[in-house]
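Structure file input.cif (mmCIF, C-alpha atoms) follows.
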```cif
data_query
loop_
_atom_site.label_atom_id
_atom_site.label_comp_id
_atom_site.auth_asym_id
_atom_site.auth_seq_id
_atom_site.Cartn_x
_atom_site.Cartn_y
_atom_site.Cartn_z
CA MET U 16 26.31 99.15 79.73
CA ALA U 17 27.20 101.60 82.44
CA THR U 18 30.85 102.11 83.16
CA SER U 19 32.64 103.58 86.11
CA GLN U 20 36.05 105.23 86.31
CA LEU U 21 38.43 105.11 89.23
CA THR U 22 40.73 108.03 89.78
CA ALA U 23 43.38 108.71 92.39
CA SER U 24 41.18 111.36 93.97
CA SER U 25 38.25 108.95 94.32
CA ILE U 26 40.22 106.46 96.46
CA SER U 27 40.82 107.25 100.10
CA THR U 28 42.16 105.18 102.97
CA ARG U 29 39.27 106.56 105.06
CA ASN U 30 36.90 104.48 102.90
CA LEU U 31 38.91 101.30 103.52
CA PRO U 32 38.73 100.64 107.27
CA SER U 33 39.38 96.92 106.84
CA PHE U 34 42.77 97.58 105.20
CA GLU U 35 44.53 99.56 107.89
CA GLY U 36 47.80 97.85 107.08
CA PHE U 37 47.85 99.74 103.77
CA ARG U 38 47.50 103.24 105.17
CA PRO U 39 50.24 105.61 103.93
CA SER U 40 51.49 106.04 107.49
CA ALA U 41 52.06 102.27 107.79
CA LEU U 42 54.05 101.82 104.58
CA GLN U 43 57.84 101.41 104.91
CA PHE U 44 60.26 101.76 102.02
CA PRO U 45 64.03 101.06 101.86
CA SER U 46 66.26 104.10 102.15
CA VAL U 47 67.14 104.30 98.44
CA ARG U 48 67.34 107.71 96.82
CA ILE U 49 67.81 108.39 93.12
CA GLY U 50 71.40 109.33 92.42
CA THR U 51 72.54 108.24 95.89
CA LEU U 52 73.73 104.81 96.98
CA THR U 53 73.36 104.36 100.71
CA ARG U 54 74.86 101.65 102.91
CA ARG U 55 71.38 100.36 103.69
CA SER U 56 70.44 99.88 100.03
CA PHE U 57 73.69 98.14 98.98
CA PRO U 58 75.36 96.76 102.12
CA SER U 59 77.93 94.66 100.24
CA LEU U 60 79.01 97.27 97.68
CA VAL U 61 82.69 98.09 98.20
CA VAL U 62 84.81 100.21 95.86
CA LYS U 63 88.58 99.80 96.21
CA ALA U 64 91.30 102.04 94.83
CA ALA U 65 95.05 101.52 94.70
CA THR U 66 96.73 101.41 98.09
CA VAL U 67 98.89 104.53 98.47
CA VAL U 68 102.23 104.00 100.20
CA ALA U 69 103.26 107.01 102.33
CA PRO U 70 106.40 108.92 101.18
CA LYS U 71 108.21 107.96 104.41
CA HIS U 72 108.49 104.41 103.06
CA THR U 73 111.30 104.29 100.51
CA THR U 74 111.20 100.63 99.46
CA VAL U 75 108.68 97.82 98.95
CA LYS U 76 110.09 94.32 99.46
CA PRO U 77 107.84 91.48 98.22
CA LEU U 78 107.76 88.38 100.40
CA GLY U 79 107.79 84.70 99.46
CA ASP U 80 106.84 84.04 95.83
CA ARG U 81 105.53 87.56 95.22
CA VAL U 82 106.79 90.05 92.66
CA LEU U 83 106.55 93.87 92.47
CA VAL U 84 105.84 95.13 88.95
CA LYS U 85 105.80 98.77 87.81
CA ILE U 86 102.71 98.98 85.59
CA LYS U 87 103.19 100.14 82.04
CA ASP U 88 101.33 103.36 81.19
CA ALA U 89 98.10 102.93 79.24
CA GLU U 90 98.13 103.91 75.59
CA GLU U 91 96.82 107.46 75.22
CA LYS U 92 96.55 107.35 71.43
CA THR U 93 95.56 104.83 68.79
CA GLU U 94 98.07 103.72 66.14
CA GLY U 95 96.44 106.28 63.86
CA GLY U 96 97.20 109.09 66.32
CA ILE U 97 93.68 109.54 67.73
CA LEU U 98 93.72 110.71 71.34
CA LEU U 99 91.83 108.32 73.62
CA PRO U 100 89.80 109.47 76.63
CA ALA U 101 90.70 107.86 79.95
CA THR U 102 87.60 105.63 79.82
CA ALA U 103 88.62 104.20 76.42
CA GLN U 104 92.26 103.52 77.25
CA THR U 105 93.02 99.81 77.48
CA LYS U 106 94.08 98.69 80.93
CA PRO U 107 97.70 97.54 80.58
CA GLN U 108 98.62 93.94 81.40
CA GLY U 109 102.35 94.43 81.42
CA GLY U 110 105.18 96.18 83.18
CA GLU U 111 108.73 96.00 84.53
CA VAL U 112 109.76 93.82 87.45
CA VAL U 113 111.33 96.09 90.07
CA ALA U 114 111.62 93.69 93.03
CA VAL U 115 111.16 89.98 93.74
CA GLY U 116 110.67 87.84 96.83
CA ASP U 117 112.94 85.07 98.07
CA GLY U 118 110.90 82.32 96.42
CA LYS U 119 109.07 79.39 97.96
CA SER U 120 109.80 75.90 99.23
CA LEU U 121 108.34 72.73 97.73
CA GLY U 122 109.21 69.78 99.88
CA LYS U 123 112.94 70.08 100.57
CA THR U 124 113.58 72.15 97.45
CA LYS U 125 113.89 75.93 97.44
CA VAL U 126 112.32 77.35 94.26
CA ASP U 127 113.46 80.78 93.07
CA ILE U 128 111.21 83.34 91.41
CA SER U 129 111.00 82.66 87.65
CA VAL U 130 111.71 86.30 86.67
CA LYS U 131 114.52 88.69 87.46
CA THR U 132 114.53 92.39 88.28
CA GLY U 133 114.34 94.44 85.08
CA ALA U 134 112.37 91.88 83.09
CA GLN U 135 109.40 93.09 81.03
CA VAL U 136 106.47 90.84 81.86
CA VAL U 137 102.82 90.23 81.00
CA TYR U 138 100.46 89.18 83.78
CA SER U 139 96.90 87.94 84.24
CA LYS U 140 94.29 90.66 83.85
CA TYR U 141 92.77 90.56 87.33
CA ALA U 142 95.79 89.42 89.32
CA GLY U 143 97.51 91.09 92.24
CA THR U 144 97.05 94.15 94.42
CA GLU U 145 97.59 97.62 92.98
CA VAL U 146 99.89 99.91 94.94
CA GLU U 147 100.80 103.55 94.26
CA PHE U 148 104.44 104.08 95.17
CA ASN U 149 106.90 106.88 94.35
CA GLY U 150 104.30 108.54 92.13
CA SER U 151 103.81 105.45 89.96
CA LYS U 152 101.36 102.55 89.95
CA HIS U 153 102.71 99.14 90.84
CA LEU U 154 101.26 95.67 91.23
CA ILE U 155 102.17 93.07 93.84
CA LEU U 156 101.32 89.64 92.51
CA LYS U 157 102.36 86.01 92.81
CA ASP U 158 105.01 84.60 90.52
CA ASP U 159 102.42 82.14 89.15
CA ASP U 160 100.22 85.06 87.99
CA ILE U 161 102.89 86.18 85.50
CA ILE U 162 102.01 84.83 82.06
CA GLY U 163 105.38 85.38 80.42
CA ILE U 164 108.29 87.62 79.51
CA LEU U 165 107.84 90.06 76.61
CA GLU U 166 110.86 92.14 75.68
CA THR U 167 109.38 93.51 72.42
CA ASP U 168 106.08 95.09 71.34
CA GLU U 169 105.06 91.95 69.44
CA VAL U 170 102.88 89.53 71.42
CA LYS U 171 104.10 86.66 69.23
CA ASP U 172 107.51 87.09 70.92
CA LEU U 173 106.04 86.26 74.35
CA LYS U 174 108.02 83.65 76.28
CA PRO U 175 105.46 81.80 78.44
CA LEU U 176 106.35 80.85 82.02
CA ASN U 177 105.49 77.77 84.06
CA ASP U 178 102.51 75.91 82.54
CA ARG U 179 101.41 78.71 80.19
CA VAL U 180 100.94 78.28 76.43
CA LEU U 181 100.78 80.97 73.73
CA ILE U 182 98.36 80.19 70.91
CA LYS U 183 97.62 82.01 67.65
CA VAL U 184 93.85 81.85 67.30
CA ALA U 185 92.44 80.49 64.05
CA GLU U 186 90.49 83.00 62.01
CA ALA U 187 86.72 82.95 62.44
CA GLU U 188 84.60 81.64 59.58
CA GLU U 189 83.63 84.45 57.18
CA LYS U 190 80.60 82.61 55.80
CA THR U 191 78.00 80.10 56.94
CA ALA U 192 77.80 76.60 55.41
CA GLY U 193 75.10 77.99 53.11
CA GLY U 194 77.34 80.78 51.85
CA LEU U 195 75.91 83.69 53.85
CA LEU U 196 78.45 86.36 54.76
CA LEU U 197 78.82 86.81 58.53
CA THR U 198 79.26 90.18 60.24
CA GLU U 199 81.86 90.70 62.96
CA ALA U 200 79.11 90.54 65.60
CA THR U 201 77.79 87.17 64.39
CA LYS U 202 81.13 85.43 63.87
CA GLU U 203 81.57 82.74 66.50
CA LYS U 204 84.73 83.03 68.57
CA PRO U 205 86.92 80.06 67.57
CA SER U 206 88.43 77.74 70.16
CA ILE U 207 91.09 76.36 67.84
CA GLY U 208 94.57 77.67 67.22
CA THR U 209 98.24 76.95 66.60
CA VAL U 210 100.68 76.76 69.50
CA ILE U 211 103.39 79.42 69.13
CA ALA U 212 105.34 78.89 72.36
CA VAL U 213 105.13 76.89 75.59
CA GLY U 214 106.47 77.34 79.09
CA PRO U 215 108.98 75.03 80.83
CA GLY U 216 106.14 73.27 82.65
CA PRO U 217 104.69 73.27 86.17
CA LEU U 218 106.56 72.32 89.32
CA ASP U 219 105.88 68.99 91.01
CA GLU U 220 105.79 68.45 94.77
CA GLU U 221 109.58 68.15 94.90
CA GLY U 222 110.20 71.34 92.95
CA ASN U 223 111.11 69.68 89.63
CA ARG U 224 109.77 70.86 86.29
CA LYS U 225 107.30 68.60 84.50
CA PRO U 226 107.53 69.23 80.72
CA LEU U 227 104.30 69.97 78.88
CA SER U 228 102.83 67.47 76.42
CA ILE U 229 102.08 70.33 73.99
CA ALA U 230 104.69 71.59 71.52
CA PRO U 231 105.00 74.63 69.22
CA GLY U 232 103.29 73.94 65.90
CA ASN U 233 100.51 71.79 67.39
CA THR U 234 96.96 72.65 66.36
CA VAL U 235 94.88 72.49 69.51
CA LEU U 236 91.34 72.76 70.81
CA TYR U 237 91.08 74.82 74.01
CA SER U 238 88.46 75.86 76.53
CA LYS U 239 86.32 78.67 75.13
CA TYR U 240 86.43 81.09 78.06
CA ALA U 241 89.95 80.45 79.35
CA GLY U 242 93.08 82.57 79.26
CA ASN U 243 93.98 86.14 78.32
CA ASP U 244 93.38 87.54 74.84
CA PHE U 245 95.88 89.71 72.97
CA LYS U 246 95.89 91.45 69.60
CA GLY U 247 99.07 91.31 67.53
CA LYS U 248 100.40 94.23 65.49
CA ASP U 249 99.53 92.30 62.33
CA GLY U 250 95.90 92.10 63.46
CA SER U 251 96.11 88.44 64.45
CA ASN U 252 94.49 87.27 67.68
CA TYR U 253 96.48 85.43 70.32
CA ILE U 254 95.56 83.81 73.60
CA ALA U 255 97.77 82.81 76.53
CA LEU U 256 96.36 80.12 78.80
CA ARG U 257 97.33 77.27 81.08
CA ALA U 258 98.13 73.92 79.51
CA SER U 259 95.28 72.38 81.52
CA ASP U 260 92.86 74.52 79.48
CA VAL U 261 93.97 72.81 76.26
CA MET U 262 91.54 69.96 75.68
CA ALA U 263 92.95 68.17 72.61
CA ILE U 264 95.59 68.14 69.89
CA LEU U 265 94.12 68.11 66.39
CA THR U 266 95.83 66.23 63.55
#
```

Let's see the structure in the file written out as C-alpha cells.
Amino acid sequence: MATSQLTASSISTRNLPSFEGFRPSALQFPSVRIGTLTRRSFPSLVVKAATVVAPKHTTVKPLGDRVLVKIKDAEEKTEGGILLPATAQTKPQGGEVVAVGDGKSLGKTKVDISVKTGAQVVYSKYAGTEVEFNGSKHLILKDDDIIGILETDEVKDLKPLNDRVLIKVAEAEEKTAGGLLLTEATKEKPSIGTVIAVGPGPLDEEGNRKPLSIAPGNTVLYSKYAGNDFKGKDGSNYIALRASDVMAILT
C-alpha cells in the first residue's frame, strides 16, 4: 500500500484558496507573552500590598467597632534553631492591640470593643486590612474578627471572644479497620474534638450576651472546613471556630 507523508514544508496557504480565513495574516492571538502578564491577558488580576501611611501622619485612630493591631513578627527559626527563608516563615495570626474604636450601637445599647489596648490577641487568618505604620506592620480589623486573647505562647491558654470556641482536635486514626498502618498523608483529618474554652456568647439585637450551649469538656462534632487551625507546643492540634460551626455534642 502506498503511503504519503505530510510535512510543514509541503503545506502552503497558496494551495488552499478556499480557506482564506486561515491565512497567517488573518490569524489573531491574545497578547500573552511568556514570562510577562499583560493587562489584556489577565484583566482581573490585582496584586495588593500593605498600605503605607506617610510619616506626616503620627496616629491611626480606628473607627466604630474596628481595632488596630501591631502584627507579631514571623518566626525566623524553627524550635530546633534552623533558619527559615522568608517564603517558609509562617504568617503570624497574632499581635498587640494598639488602638480601638468607640464601639458600635445595637438598638439603644452602646457596645464597647471586647479588647483593650495592650492585649495580645489572635485573629482570623484572612481578616482586616494591612497597614505599614511607623516602620511596623499593622492590621485594621473588626472586633468580631478577633478570635481571642492569648497572653502566653501556649494556644491552649487562648481565651475565646464572642461566639468563638477553642477545641482540642482528636488524634487521627493510626490504622485502618483492617489493621493497615496509615501514613501522615493518608490519615483523614478528624472533625471531632474536646472543647477547651468558650467565649461569652454573641450579642443579640439589644446588645445582651447570649450564652453558648457548649461547655468546656464537651466532645463535639464540627464542620470539617471551618475555623482556624493551631499547633500546640506539645504537638497537639487545636482549632478555634464559631459555635455555629459545631454540629453536635457527642456523649

Exercise. Would you write out, as a count of residues only, every residue that the PyMOL selection byres ((chain U and resi 210) around 8) captures in this file?
Key: 16

Quiz prompt | Hits of the PyMOL selection byres ((chain U and resi 157) around 8) in this structure, as a PyMOL selection string | solution = chain U and resi 80-82+143+155-156+158-161

Go ahead and write the residues just picked, C-alpha atoms, as a PDB file, keeping the file's coordinate frame.
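selection_37.pdb, written as the output of this step:
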```pdb
ATOM      1  CA  ASP U  80     106.840  84.040  95.830  1.00  0.00           C
ATOM      2  CA  ARG U  81     105.530  87.560  95.220  1.00  0.00           C
ATOM      3  CA  VAL U  82     106.790  90.050  92.660  1.00  0.00           C
ATOM      4  CA  GLY U 143      97.510  91.090  92.240  1.00  0.00           C
ATOM      5  CA  ILE U 155     102.170  93.070  93.840  1.00  0.00           C
ATOM      6  CA  LEU U 156     101.320  89.640  92.510  1.00  0.00           C
ATOM      7  CA  ASP U 158     105.010  84.600  90.520  1.00  0.00           C
ATOM      8  CA  ASP U 159     102.420  82.140  89.150  1.00  0.00           C
ATOM      9  CA  ASP U 160     100.220  85.060  87.990  1.00  0.00           C
ATOM     10  CA  ILE U 161     102.890  86.180  85.500  1.00  0.00           C
TER      11      ILE U 161
END
```

Practice problem: List the residues matched by the PyMOL selection byres ((chain U and resi 236) around 9) in the displayed structure as a list in words, ordered by chain and then by residue number. | Solution: Ser206, Ile207, Gly208, Thr234, Val235, Tyr237, Ser238, Lys239, Asp260, Val261, Met262, Ala263, Ile264 and Leu265 of chain U

Quiz prompt | Selected residue, from U:Val115, U:Val184, U:Ile162, U:Leu121, that lies nearest to Lys246 of chain U when counting all atoms listed in the file | solution =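 Counting all atoms listed in the file, the residue closest to Lys246 of chain U is U:Val184.
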
Practice problem: Could you please give me, as a VMD selection string, the residues of protein, DNA or RNA lying at most 10 Å from (108.8, 77.8, 80.1) in the coordinate frame of the file, considering only C-alpha atoms? | Solution: chain U and resid 129 162 to 164 174 to 180 212 to 217 224 226 to 227

Quiz item: Please, what distance in Å, to one decimal, runs between atom CA of Val170 of chain U and atom CA of Lys152 of chain U?
Solution: 22.7 Å

Quiz item: How many Å separate atom CA of Val113 of chain U from atom CA of Leu218 of chain U?
Solution: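 That distance, rounded to one decimal, is 24.3 Å.
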
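Take atom CA of Phe148 of chain U and atom CA of Lys131 of chain U: the distance between them is 19.9 Å.
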
Quiz item: Nearest to Gly222 of chain U among U:Lys125, U:Gly118, U:Thr73, U:Gly109, with distances taken over all atoms listed in the file: which residue is it?
Solution: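 Under the stated criterion, the closest residue is U:Lys125.
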
Exercise. Point out the residue among U:Ala142, U:Val136, U:Leu154, U:Val126 with the least atom-to-atom distance to Leu83 of chain U, counting all atoms listed in the file.
Key: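 That would be U:Leu154, the residue with the smallest distance to Leu83 of chain U.
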